[in-house]
>>> print(open('coords-v5.cif').read())   # mmCIF, C-alpha atoms and all ligand atoms
data_structure
loop_
_atom_site.label_atom_id
_atom_site.label_comp_id
_atom_site.auth_asym_id
_atom_site.auth_seq_id
_atom_site.Cartn_x
_atom_site.Cartn_y
_atom_site.Cartn_z
CA MET A 1 -5.30 4.82 -9.04
CA THR A 2 -7.08 7.47 -6.96
CA ARG A 3 -4.96 9.47 -4.52
CA ILE A 4 -6.35 9.98 -0.99
CA ALA A 5 -6.06 12.85 1.49
CA VAL A 6 -7.30 12.81 5.10
CA VAL A 7 -7.86 15.81 7.39
CA THR A 8 -8.65 15.33 11.09
CA GLY A 9 -10.98 17.74 12.91
CA GLY A 10 -12.40 18.98 9.59
CA ASN A 11 -15.86 20.11 10.71
CA LYS A 12 -14.87 23.68 11.57
CA GLY A 13 -12.13 26.27 11.87
CA ILE A 14 -8.80 25.77 10.12
CA GLY A 15 -9.48 22.08 9.42
CA PHE A 16 -12.66 22.92 7.48
CA CYS A 17 -10.72 25.42 5.33
CA ILE A 18 -7.89 22.92 4.79
CA VAL A 19 -10.47 20.47 3.41
CA LYS A 20 -11.94 23.23 1.23
CA GLN A 21 -8.57 24.22 -0.25
CA LEU A 22 -7.46 20.61 -0.76
CA CYS A 23 -10.71 19.91 -2.63
CA GLN A 24 -9.79 22.83 -4.91
CA LYS A 25 -6.11 21.94 -5.39
CA PHE A 26 -5.53 18.22 -4.84
CA ASN A 27 -6.12 15.71 -7.61
CA GLY A 28 -7.79 12.98 -5.57
CA ILE A 29 -10.39 12.25 -2.89
CA VAL A 30 -10.33 14.41 0.25
CA TYR A 31 -11.71 12.92 3.48
CA LEU A 32 -13.20 15.41 5.90
CA THR A 33 -13.18 13.56 9.21
CA ALA A 34 -14.79 14.64 12.48
CA ARG A 35 -15.48 13.08 15.86
CA ASN A 36 -19.13 14.18 15.69
CA THR A 37 -20.87 12.64 12.65
CA ASN A 38 -23.66 15.25 12.48
CA LEU A 39 -21.19 18.15 12.56
CA GLY A 40 -18.97 16.44 10.00
CA GLN A 41 -21.82 15.76 7.59
CA ALA A 42 -23.11 19.33 7.98
CA ALA A 43 -19.63 20.59 7.05
CA VAL A 44 -19.60 18.36 3.96
CA THR A 45 -23.01 19.75 2.95
CA GLU A 46 -21.60 23.28 3.35
CA LEU A 47 -18.71 22.48 1.00
CA GLU A 48 -21.04 20.77 -1.48
CA LYS A 49 -22.89 24.10 -1.77
CA LEU A 50 -19.59 25.49 -3.12
CA GLY A 51 -19.47 22.74 -5.76
CA LEU A 52 -16.83 20.72 -3.87
CA LYS A 53 -17.03 16.98 -3.19
CA PRO A 54 -15.30 15.99 0.05
CA HIS A 55 -16.00 12.51 1.42
CA PHE A 56 -16.84 12.01 5.10
CA HIS A 57 -15.76 9.48 7.73
CA GLN A 58 -16.15 9.61 11.50
CA LEU A 59 -12.81 9.84 13.33
CA ASP A 60 -12.18 10.61 17.00
CA VAL A 61 -8.40 10.77 17.22
CA SER A 62 -8.38 9.82 20.90
CA ASP A 63 -10.59 6.73 20.51
CA ASP A 64 -8.89 3.41 19.63
CA ASP A 65 -12.04 1.88 18.11
CA SER A 66 -12.78 4.92 15.96
CA VAL A 67 -9.19 5.08 14.66
CA ASN A 68 -9.14 1.33 13.94
CA VAL A 69 -12.48 1.41 12.09
CA PHE A 70 -11.22 4.25 9.88
CA LYS A 71 -7.92 2.52 9.27
CA GLU A 72 -9.71 -0.71 8.23
CA TYR A 73 -12.04 1.26 5.97
CA LEU A 74 -9.20 3.08 4.19
CA SER A 75 -7.16 -0.06 3.97
CA LYS A 76 -9.96 -2.17 2.41
CA THR A 77 -11.33 0.57 0.15
CA TYR A 78 -8.11 2.11 -1.23
CA ASN A 79 -5.10 0.54 0.50
CA ARG A 80 -3.34 3.91 0.24
CA LEU A 81 -2.89 7.35 1.76
CA ASP A 82 -1.14 10.27 0.06
CA ILE A 83 -1.80 13.21 2.40
CA LEU A 84 -2.48 13.16 6.15
CA ILE A 85 -3.17 16.45 7.93
CA ASN A 86 -3.28 16.07 11.71
CA ASN A 87 -5.33 19.17 12.54
CA ALA A 88 -7.62 18.04 15.40
CA ALA A 89 -6.79 19.54 18.77
CA ILE A 90 -8.27 21.16 21.87
CA ALA A 91 -7.27 24.05 24.12
CA PHE A 92 -8.78 24.76 27.52
CA LYS A 93 -9.91 28.37 27.85
CA MET A 94 -7.83 30.72 30.02
CA ASP A 95 -10.66 30.91 32.58
CA ALA A 96 -11.23 27.11 32.73
CA THR A 97 -11.70 25.97 36.32
CA ASP A 98 -10.67 22.31 35.78
CA PRO A 99 -7.65 21.35 37.92
CA PHE A 100 -4.42 21.84 35.95
CA GLY A 101 -3.59 18.10 36.16
CA ILE A 102 -6.88 17.27 34.42
CA GLN A 103 -6.24 19.93 31.77
CA ALA A 104 -2.79 18.42 31.18
CA GLU A 105 -4.15 14.87 30.84
CA GLU A 106 -7.05 15.81 28.53
CA THR A 107 -4.97 18.11 26.34
CA LEU A 108 -2.14 15.62 25.88
CA LYS A 109 -4.63 12.79 25.30
CA ILE A 110 -5.96 14.49 22.17
CA ASN A 111 -3.22 16.81 20.92
CA TYR A 112 -0.21 14.54 21.40
CA PHE A 113 -1.26 10.92 22.09
CA GLY A 114 -4.33 11.18 19.78
CA LEU A 115 -2.21 12.52 16.93
CA LYS A 116 0.25 9.67 17.50
CA LYS A 117 -2.57 7.12 17.51
CA VAL A 118 -3.68 8.30 14.05
CA CYS A 119 -0.09 8.22 12.76
CA ASN A 120 0.58 4.73 14.10
CA ALA A 121 -2.61 3.44 12.46
CA LEU A 122 -2.33 5.22 9.11
CA TYR A 123 1.42 5.43 8.39
CA PRO A 124 1.48 1.86 7.00
CA LEU A 125 -0.91 3.08 4.25
CA LEU A 126 1.35 5.98 3.13
CA LYS A 127 2.57 5.65 -0.44
CA PRO A 128 5.87 6.99 -1.85
CA HIS A 129 5.89 10.84 -1.98
CA ALA A 130 3.20 11.02 0.74
CA ARG A 131 3.02 14.26 2.71
CA VAL A 132 2.12 14.45 6.42
CA VAL A 133 1.39 17.74 8.18
CA HIS A 134 1.18 18.08 11.96
CA LEU A 135 -0.61 21.24 13.14
CA SER A 136 1.65 22.62 15.86
CA SER A 137 1.55 26.25 17.01
CA GLY A 138 3.75 29.19 17.93
CA ALA A 139 3.30 27.67 21.39
CA GLY A 140 5.01 24.53 20.06
CA HIS A 141 8.42 26.21 19.67
CA LEU A 142 11.17 24.74 21.89
CA SER A 143 11.73 28.14 23.53
CA LYS A 144 8.31 27.83 25.21
CA ILE A 145 9.82 25.26 27.62
CA PRO A 146 11.47 27.21 30.50
CA GLY A 147 13.69 24.37 31.83
CA ALA A 148 17.13 24.14 30.14
CA SER A 149 17.51 20.46 30.99
CA LEU A 150 14.08 19.66 29.48
CA ARG A 151 14.98 21.67 26.35
CA ALA A 152 18.19 19.67 26.05
CA LYS A 153 16.27 16.38 26.29
CA LEU A 154 13.61 17.46 23.78
CA SER A 155 16.19 18.65 21.25
CA ASP A 156 18.48 15.61 21.60
CA PRO A 157 18.84 14.26 18.02
CA ASP A 158 18.81 10.71 19.44
CA LEU A 159 15.50 11.16 21.28
CA THR A 160 13.12 8.29 20.51
CA GLU A 161 9.33 8.22 20.41
CA GLU A 162 9.37 6.20 23.65
CA ASP A 163 11.59 8.82 25.32
CA LEU A 164 9.22 11.56 24.17
CA ASP A 165 6.13 9.67 25.40
CA LYS A 166 7.84 9.38 28.77
CA LEU A 167 8.55 13.13 28.89
CA MET A 168 4.91 13.89 28.01
CA ASN A 169 3.72 11.47 30.73
CA ASP A 170 6.17 13.03 33.20
CA PHE A 171 4.57 16.39 32.47
CA ILE A 172 1.09 14.98 33.22
CA SER A 173 2.29 13.40 36.49
CA SER A 174 4.02 16.60 37.61
CA ALA A 175 0.96 18.67 36.62
CA LYS A 176 -1.18 16.43 38.84
CA ALA A 177 1.32 16.76 41.69
CA GLY A 178 1.57 20.54 41.17
CA THR A 179 5.36 20.30 40.60
CA HIS A 180 5.46 20.95 36.82
CA VAL A 181 6.83 24.50 37.08
CA GLU A 182 9.73 23.51 39.33
CA ALA A 183 10.36 20.59 36.94
CA GLY A 184 10.88 23.15 34.13
CA TRP A 185 7.53 22.92 32.31
CA PRO A 186 5.40 25.98 31.41
CA GLN A 187 1.99 26.72 32.96
CA SER A 188 0.31 25.71 29.65
CA ALA A 189 -0.75 22.17 28.83
CA TYR A 190 -1.51 23.31 25.27
CA SER A 191 2.05 24.55 24.82
CA VAL A 192 3.53 21.28 26.12
CA SER A 193 1.25 19.28 23.80
CA LYS A 194 2.37 21.32 20.79
CA VAL A 195 6.07 21.17 21.72
CA GLY A 196 5.46 17.41 21.84
CA VAL A 197 3.99 17.55 18.31
CA SER A 198 6.94 19.58 16.94
CA THR A 199 9.42 17.21 18.60
CA LEU A 200 7.57 14.18 17.24
CA THR A 201 7.83 15.64 13.73
CA ARG A 202 11.62 15.52 13.90
CA ILE A 203 11.53 11.90 15.12
CA HIS A 204 8.99 10.86 12.46
CA GLN A 205 11.07 12.37 9.65
CA LYS A 206 14.12 10.40 10.80
CA LEU A 207 12.03 7.22 10.61
CA PHE A 208 10.73 8.24 7.17
CA ASP A 209 14.30 8.82 5.95
CA LYS A 210 15.07 5.17 6.72
CA ASP A 211 11.77 3.90 5.24
CA ALA A 212 11.84 1.79 2.06
CA ARG A 213 9.07 3.99 0.64
CA GLU A 214 10.58 6.88 -1.30
CA ASP A 215 10.26 10.54 -0.31
CA LEU A 216 7.96 10.38 2.74
CA VAL A 217 7.81 13.86 4.26
CA VAL A 218 6.41 15.26 7.51
CA ASN A 219 6.49 18.86 8.74
CA SER A 220 4.86 20.73 11.61
CA VAL A 221 3.28 24.15 11.14
CA HIS A 222 2.20 27.22 13.06
CA PRO A 223 -0.85 28.31 11.04
CA GLY A 224 -0.92 31.88 12.42
CA PHE A 225 -3.20 33.44 15.03
CA VAL A 226 -6.54 32.53 13.52
CA ASP A 227 -10.14 33.59 14.12
CA THR A 228 -11.71 30.29 15.30
CA ASP A 229 -13.58 28.85 18.26
CA MET A 230 -10.22 27.82 19.73
CA THR A 231 -9.13 31.46 20.03
CA SER A 232 -12.66 32.56 21.05
CA HIS A 233 -12.52 34.66 17.86
CA GLY A 234 -9.99 36.95 19.57
CA ARG A 235 -12.53 38.18 22.14
CA SER A 236 -10.57 37.04 25.19
CA SER A 237 -8.40 39.75 26.79
CA ALA A 238 -5.56 37.16 26.85
CA PHE A 239 -5.33 37.57 23.07
CA SER A 240 -5.63 41.35 22.90
CA ARG A 241 -2.01 41.93 21.81
CA TYR A 242 -2.43 39.51 18.86
CA ARG A 243 -5.87 40.75 17.77
CA ALA A 244 -4.58 43.13 15.09
CA SER A 245 -2.77 40.30 13.29
CA MET A 246 -5.65 37.82 13.50
CA MET A 247 -6.13 35.80 10.31
CA THR A 248 -9.22 34.28 8.71
CA PRO A 249 -9.47 30.46 8.87
CA ASP A 250 -8.95 30.39 5.09
CA ARG A 251 -5.66 32.27 5.52
CA GLY A 252 -4.72 29.96 8.43
CA ALA A 253 -5.22 26.94 6.16
CA GLN A 254 -2.71 28.17 3.58
CA ALA A 255 0.56 27.00 5.17
CA PRO A 256 -0.79 23.51 6.06
CA VAL A 257 -2.06 23.11 2.47
CA TYR A 258 1.25 24.36 1.06
CA LEU A 259 3.03 21.64 3.09
CA ALA A 260 0.52 18.98 2.03
CA LEU A 261 1.26 19.75 -1.63
CA LEU A 262 5.07 20.01 -1.46
CA PRO A 263 6.56 18.76 -4.74
CA PRO A 264 8.42 15.46 -5.13
CA ASN A 265 11.84 15.28 -3.46
CA THR A 266 11.42 18.52 -1.51
CA ASP A 267 14.12 19.56 0.97
CA ILE A 268 11.45 20.87 3.34
CA LYS A 269 11.10 17.90 5.66
CA GLY A 270 11.14 17.36 9.40
CA LYS A 271 10.87 21.16 9.75
CA TYR A 272 8.85 23.66 11.78
CA ILE A 273 7.08 26.05 9.39
CA TRP A 274 5.56 29.45 10.07
CA SER A 275 2.28 30.78 8.63
CA ASP A 276 4.17 32.61 5.84
CA ASN A 277 5.59 29.24 4.67
CA THR A 278 9.10 30.02 5.97
CA VAL A 279 11.17 27.46 7.86
CA VAL A 280 11.71 28.64 11.45
CA ASP A 281 14.64 27.45 13.56
CA TRP A 282 12.92 25.38 16.24
CA LEU A 283 16.08 25.44 18.37
CA ALA A 284 16.37 29.26 18.39
CA GLU A 285 15.94 31.27 21.58
CA SER A 286 12.67 32.82 20.44
CA THR A 287 10.05 32.69 17.67
CA PRO A 288 9.28 35.30 15.01
CA PRO A 289 6.36 37.62 15.96
CA LEU A 290 3.04 35.75 16.01
N1 LIG A 301 -6.63 29.13 15.84
C1 LIG A 301 -5.35 29.46 16.04
O1 LIG A 301 -4.98 30.66 16.19
C2 LIG A 301 -4.30 28.38 16.08
C3 LIG A 301 -2.95 28.79 16.31
C4 LIG A 301 -1.97 27.82 16.33
C5 LIG A 301 -2.30 26.50 16.12
N2 LIG A 301 -3.61 26.13 15.92
C6 LIG A 301 -3.89 24.70 15.68
O2 LIG A 301 -4.64 24.56 14.48
C7 LIG A 301 -5.51 23.42 14.58
C8 LIG A 301 -6.95 23.82 14.30
O3 LIG A 301 -7.34 24.78 15.28
P1 LIG A 301 -8.68 25.65 15.17
O4 LIG A 301 -8.32 27.00 15.64
O5 LIG A 301 -9.31 25.45 13.84
O6 LIG A 301 -9.54 24.96 16.32
P2 LIG A 301 -11.12 24.69 16.46
O7 LIG A 301 -11.88 25.68 15.67
O8 LIG A 301 -11.35 24.55 17.92
O9 LIG A 301 -11.28 23.26 15.75
C9 LIG A 301 -10.66 22.13 16.31
C10 LIG A 301 -11.15 20.91 15.57
O10 LIG A 301 -10.57 19.75 16.18
C11 LIG A 301 -11.62 18.84 16.46
N3 LIG A 301 -11.29 17.89 17.53
C12 LIG A 301 -11.04 18.15 18.83
N4 LIG A 301 -10.84 16.99 19.48
C13 LIG A 301 -10.98 15.99 18.58
C14 LIG A 301 -10.88 14.58 18.63
N5 LIG A 301 -10.64 13.92 19.78
N6 LIG A 301 -11.05 13.88 17.49
C15 LIG A 301 -11.31 14.50 16.32
N7 LIG A 301 -11.45 15.82 16.21
C16 LIG A 301 -11.27 16.56 17.33
C17 LIG A 301 -12.81 19.71 16.78
O11 LIG A 301 -14.00 18.95 16.74
P3 LIG A 301 -15.34 19.39 17.59
O12 LIG A 301 -16.04 20.43 16.78
O13 LIG A 301 -16.10 18.11 17.71
O14 LIG A 301 -14.85 19.93 18.91
C18 LIG A 301 -12.66 20.72 15.65
O15 LIG A 301 -13.14 20.16 14.45
C19 LIG A 301 -5.30 22.86 15.99
O16 LIG A 301 -4.34 21.83 15.94
C20 LIG A 301 -4.75 24.06 16.75
O17 LIG A 301 -4.01 23.68 17.88
C21 LIG A 301 -4.61 27.05 15.90
#
>>> encode(input="coords-v5.cif", output="structure tokens")
Amino acid sequence: MTRIAVVTGGNKGIGFCIVKQLCQKFNGIVYLTARNTNLGQAAVTELEKLGLKPHFHQLDVSDDDSVNVFKEYLSKTYNRLDILINNAAIAFKMDATDPFGIQAEETLKINYFGLKKVCNALYPLLKPHARVVHLSSGAGHLSKIPGASLRAKLSDPDLTEEDLDKLMNDFISSAKAGTHVEAGWPQSAYSVSKVGVSTLTRIHQKLFDKDAREDLVVNSVHPGFVDTDMTSHGRSSAFSRYRASMMTPDRGAQAPVYLALLPPNTDIKGKYIWSDNTVVDWLAESTPPL
């Protein structure tokens, strides 16, 4: 019985290094997935030069057909999944000129609804003791939502996935109408998408706790402020105050890999984890320093 790990958005940045470290530490097959086949295969070739043997499959997390094809492939070939790392995401640049409503729709489509699409397709394949990791962010802490009433809704222990979808769609509608700030949302679609991911983690763990399969665990993680294309390698003036603490992508991959390899019957589940592997109180008034 061969164990299977899947990483989304594995062709570059933190995802690439997560694949690399899983190939070194996980006793099983690691799937590097990417939306662009050429970029994904080039990344596999890069890792093969290091003596590693990741497998490749195309996967665009926001595309129903792509997700279904991958699900069918995994299902027919292995009928199992032991590690799922939801790493793929986008962030509009600070100087992007796209209307904010479009930024909100595109960002949520990939970072929140795309992640959910992958989970809905692949969760049936999870085996007992499976580990799921959602890449959130420091921007995914509850305190990043200015509105007290929205914070209360997002932190309600009885919040369902449907309720959360509705809140995320409300954000998109208000962003298009230009009323999101008065509705209590921040001026950052990325932050809302990642708060959505952290909130979803809590809901998913509650579902896992009721699942007949033993010891299913999901956590969300802030990987650190990491030198990747997403952060423009720290060159943007918006990131100047974080530049000194910027991590390499290999360092940024460490906390996600730690969570993917949590031992059987761990207590670390449904949590929000910082780049130093500590559990951070998602309900607190602020985050630790980035
Ligand atoms: N870098 C940081 O400081 C930082 C901080 C906090 C959280 N994070 C989170 O860490 C994760 C990795 O970030 P990163 O910095 O490594 O970003 P990155 O270098 O921009 O890489 C993002 C990856 O996601 C892929 N992707 C985007 N949309 C996709 C889609 N629809 N389907 C499949 N793959 C898709 C990209 O593919 P393409 O190459 O095709 O675009 C790329 O492989 C993200 O979830 C990010 O939000 C990063």
>>> residues_around(input="coords-v5.cif", residues="A:Ile83", least_positions_apart="4", cutoff="6 Å", atoms="all atoms listed in the file", output="MDAnalysis selection string")
chainID A and resid 5 130:132
>>> closest_atom_pairs(input="coords-v5.cif", of="chain A", to="ligand LIG 301 (chain A)", cutoff="7 Å", atoms="only C-alpha atoms and all ligand atoms", output="Markdown table")
| residue | atom | partner | partner_atom | distance |
| --- | --- | --- | --- | --- |
| A:Thr8 | CA | A:LIG301 | N7 | 5.9 |
| A:Gly9 | CA | A:LIG301 | O15 | 3.6 |
| A:Gly10 | CA | A:LIG301 | O15 | 5.1 |
| A:Asn11 | CA | A:LIG301 | O15 | 4.6 |
| A:Lys12 | CA | A:LIG301 | O15 | 4.9 |
| A:Gly13 | CA | A:LIG301 | O5 | 3.5 |
| A:Ile14 | CA | A:LIG301 | O5 | 3.8 |
| A:Gly15 | CA | A:LIG301 | O5 | 5.6 |
| A:Ala34 | CA | A:LIG301 | N7 | 5.1 |
| A:Arg35 | CA | A:LIG301 | C15 | 4.4 |
| A:Asn36 | CA | A:LIG301 | O13 | 5.4 |
| A:Leu59 | CA | A:LIG301 | C15 | 5.7 |
| A:Asp60 | CA | A:LIG301 | N6 | 3.5 |
| A:Val61 | CA | A:LIG301 | N6 | 4.1 |
| A:Ser62 | CA | A:LIG301 | N5 | 4.8 |
| A:Asn87 | CA | A:LIG301 | O16 | 4.4 |
| A:Ala88 | CA | A:LIG301 | O10 | 3.5 |
| A:Ala89 | CA | A:LIG301 | O16 | 4.4 |
| A:Ile90 | CA | A:LIG301 | C12 | 5.1 |
| A:Ile110 | CA | A:LIG301 | N5 | 5.3 |
| A:Gly114 | CA | A:LIG301 | N5 | 6.9 |
| A:Leu135 | CA | A:LIG301 | O16 | 4.7 |
| A:Ser136 | CA | A:LIG301 | C5 | 5.5 |
| A:Ser137 | CA | A:LIG301 | C4 | 3.9 |
| A:Gly138 | CA | A:LIG301 | C4 | 6.1 |
| A:His222 | CA | A:LIG301 | C4 | 5.3 |
| A:Pro223 | CA | A:LIG301 | C4 | 5.4 |
| A:Gly224 | CA | A:LIG301 | C3 | 5.4 |
| A:Phe225 | CA | A:LIG301 | O1 | 3.5 |
| A:Val226 | CA | A:LIG301 | O1 | 3.6 |
| A:Asp227 | CA | A:LIG301 | N1 | 5.9 |
| A:Thr228 | CA | A:LIG301 | O7 | 4.6 |
| A:Asp229 | CA | A:LIG301 | O7 | 4.4 |
| A:Met230 | CA | A:LIG301 | O8 | 3.9 |
| A:Thr231 | CA | A:LIG301 | N1 | 5.4 |
>>> closest_residue(input="coords-v5.cif", among="A:Cys23, A:Ile172, A:Ile145, A:Leu52", to="A:Ser286", atoms="all atoms listed in the file")
A:Ile145
>>> closest_residue(input="coords-v5.cif", among="A:Met246, A:Ile4, A:Val192, A:Ala175", to="A:Arg151", atoms="all atoms listed in the file")
A:Val192
>>> closest_residue(input="coords-v5.cif", among="A:Val280, A:Leu216, A:Ala152, A:Ala104", to="A:Lys176", atoms="all atoms listed in the file")
A:Ala104
>>> closest_residue(input="coords-v5.cif", among="A:Val197, A:Leu150, A:His134, A:Ile102", to="A:Ser173", atoms="all atoms listed in the file")
A:Ile102
>>> residues_around(input="coords-v5.cif", residues="stretch 261-269 of chain A", least_positions_apart="2", cutoff="7 Å", atoms="all atoms listed in the file", output="CSV table (one decimal) with C-alpha atoms, in the coordinates of the input")
chain,number,residue,atom,x,y,z
A,129,HIS,CA,5.9,10.8,-2.0
A,205,GLN,CA,11.1,12.4,9.6
A,215,ASP,CA,10.3,10.5,-0.3
A,217,VAL,CA,7.8,13.9,4.3
A,218,VAL,CA,6.4,15.3,7.5
A,219,ASN,CA,6.5,18.9,8.7
A,257,VAL,CA,-2.1,23.1,2.5
A,258,TYR,CA,1.2,24.4,1.1
A,259,LEU,CA,3.0,21.6,3.1
A,271,LYS,CA,10.9,21.2,9.8
>>> closest_residue(input="coords-v5.cif", among="A:Leu159, A:Val19, A:Leu122, A:Leu81", to="A:His55", atoms="all atoms listed in the file")
A:Val19
>>> atom_distance(input="coords-v5.cif", atom1="atom CA of A:Glu161", atom2="atom CA of A:Asp276")
28.9 Å
>>> atom_distance(input="coords-v5.cif", atom1="atom CA of A:Asp281", atom2="atom CA of A:Ser143")
10.4 Å
>>> closest_residue(input="coords-v5.cif", among="A:Leu283, A:Leu84, A:Met247, A:Val30", to="A:Ala260", atoms="only C-alpha atoms")
A:Leu84
>>> atom_distance(input="coords-v5.cif", atom1="atom CA of A:Met168", atom2="atom CA of A:Asp65")
23.0 Å
>>> decode(input="coords-v5.cif", residues="stretch 260-274 of chain A", atoms="N, CA, C and O atoms", output="short mmCIF file (atom, residue, chain, number, x, y, z; two decimals), in the first residue's frame")
data_model
loop_
_atom_site.label_atom_id
_atom_site.label_comp_id
_atom_site.auth_asym_id
_atom_site.auth_seq_id
_atom_site.Cartn_x
_atom_site.Cartn_y
_atom_site.Cartn_z
N ALA A 260 2.02 18.63 7.83
CA ALA A 260 1.68 17.48 6.97
C ALA A 260 2.15 16.17 7.59
O ALA A 260 1.59 15.10 7.29
N LEU A 261 3.17 16.24 8.44
CA LEU A 261 3.77 15.02 9.00
C LEU A 261 3.46 14.86 10.50
O LEU A 261 4.14 14.10 11.19
N LEU A 262 2.42 15.55 10.98
CA LEU A 262 2.07 15.42 12.40
C LEU A 262 1.81 13.95 12.74
O LEU A 262 1.17 13.23 11.97
N PRO A 263 2.27 13.50 13.91
CA PRO A 263 2.16 12.07 14.25
C PRO A 263 0.72 11.64 14.51
O PRO A 263 -0.15 12.50 14.70
N PRO A 264 0.48 10.34 14.54
CA PRO A 264 -0.88 9.85 14.80
C PRO A 264 -1.45 10.42 16.10
O PRO A 264 -0.72 10.60 17.08
N ASN A 265 -2.73 10.71 16.07
CA ASN A 265 -3.49 11.17 17.25
C ASN A 265 -2.95 12.47 17.86
O ASN A 265 -3.01 12.66 19.07
N THR A 266 -2.44 13.33 17.01
CA THR A 266 -1.97 14.65 17.47
C THR A 266 -3.13 15.49 18.03
O THR A 266 -4.28 15.33 17.59
N ASP A 267 -2.78 16.39 18.98
CA ASP A 267 -3.79 17.34 19.48
C ASP A 267 -3.83 18.59 18.62
O ASP A 267 -4.69 19.46 18.82
N ILE A 268 -2.87 18.73 17.71
CA ILE A 268 -2.81 19.95 16.90
C ILE A 268 -3.74 19.77 15.71
O ILE A 268 -3.38 19.18 14.69
N LYS A 269 -4.97 20.21 15.88
CA LYS A 269 -5.96 20.04 14.80
C LYS A 269 -6.97 21.16 14.84
O LYS A 269 -7.36 21.61 15.91
N GLY A 270 -7.36 21.60 13.64
CA GLY A 270 -8.29 22.72 13.52
C GLY A 270 -7.67 24.03 13.97
O GLY A 270 -8.37 24.99 14.26
N LYS A 271 -6.33 24.09 14.01
CA LYS A 271 -5.63 25.25 14.56
C LYS A 271 -5.08 26.16 13.47
O LYS A 271 -5.05 25.80 12.28
N TYR A 272 -4.57 27.30 13.95
CA TYR A 272 -3.93 28.31 13.09
C TYR A 272 -2.48 28.38 13.58
O TYR A 272 -2.23 28.73 14.74
N ILE A 273 -1.55 27.99 12.71
CA ILE A 273 -0.16 27.77 13.12
C ILE A 273 0.74 28.85 12.51
O ILE A 273 0.55 29.24 11.35
N TRP A 274 1.70 29.28 13.27
CA TRP A 274 2.65 30.30 12.82
C TRP A 274 3.88 29.62 12.22
O TRP A 274 4.08 28.41 12.39
#
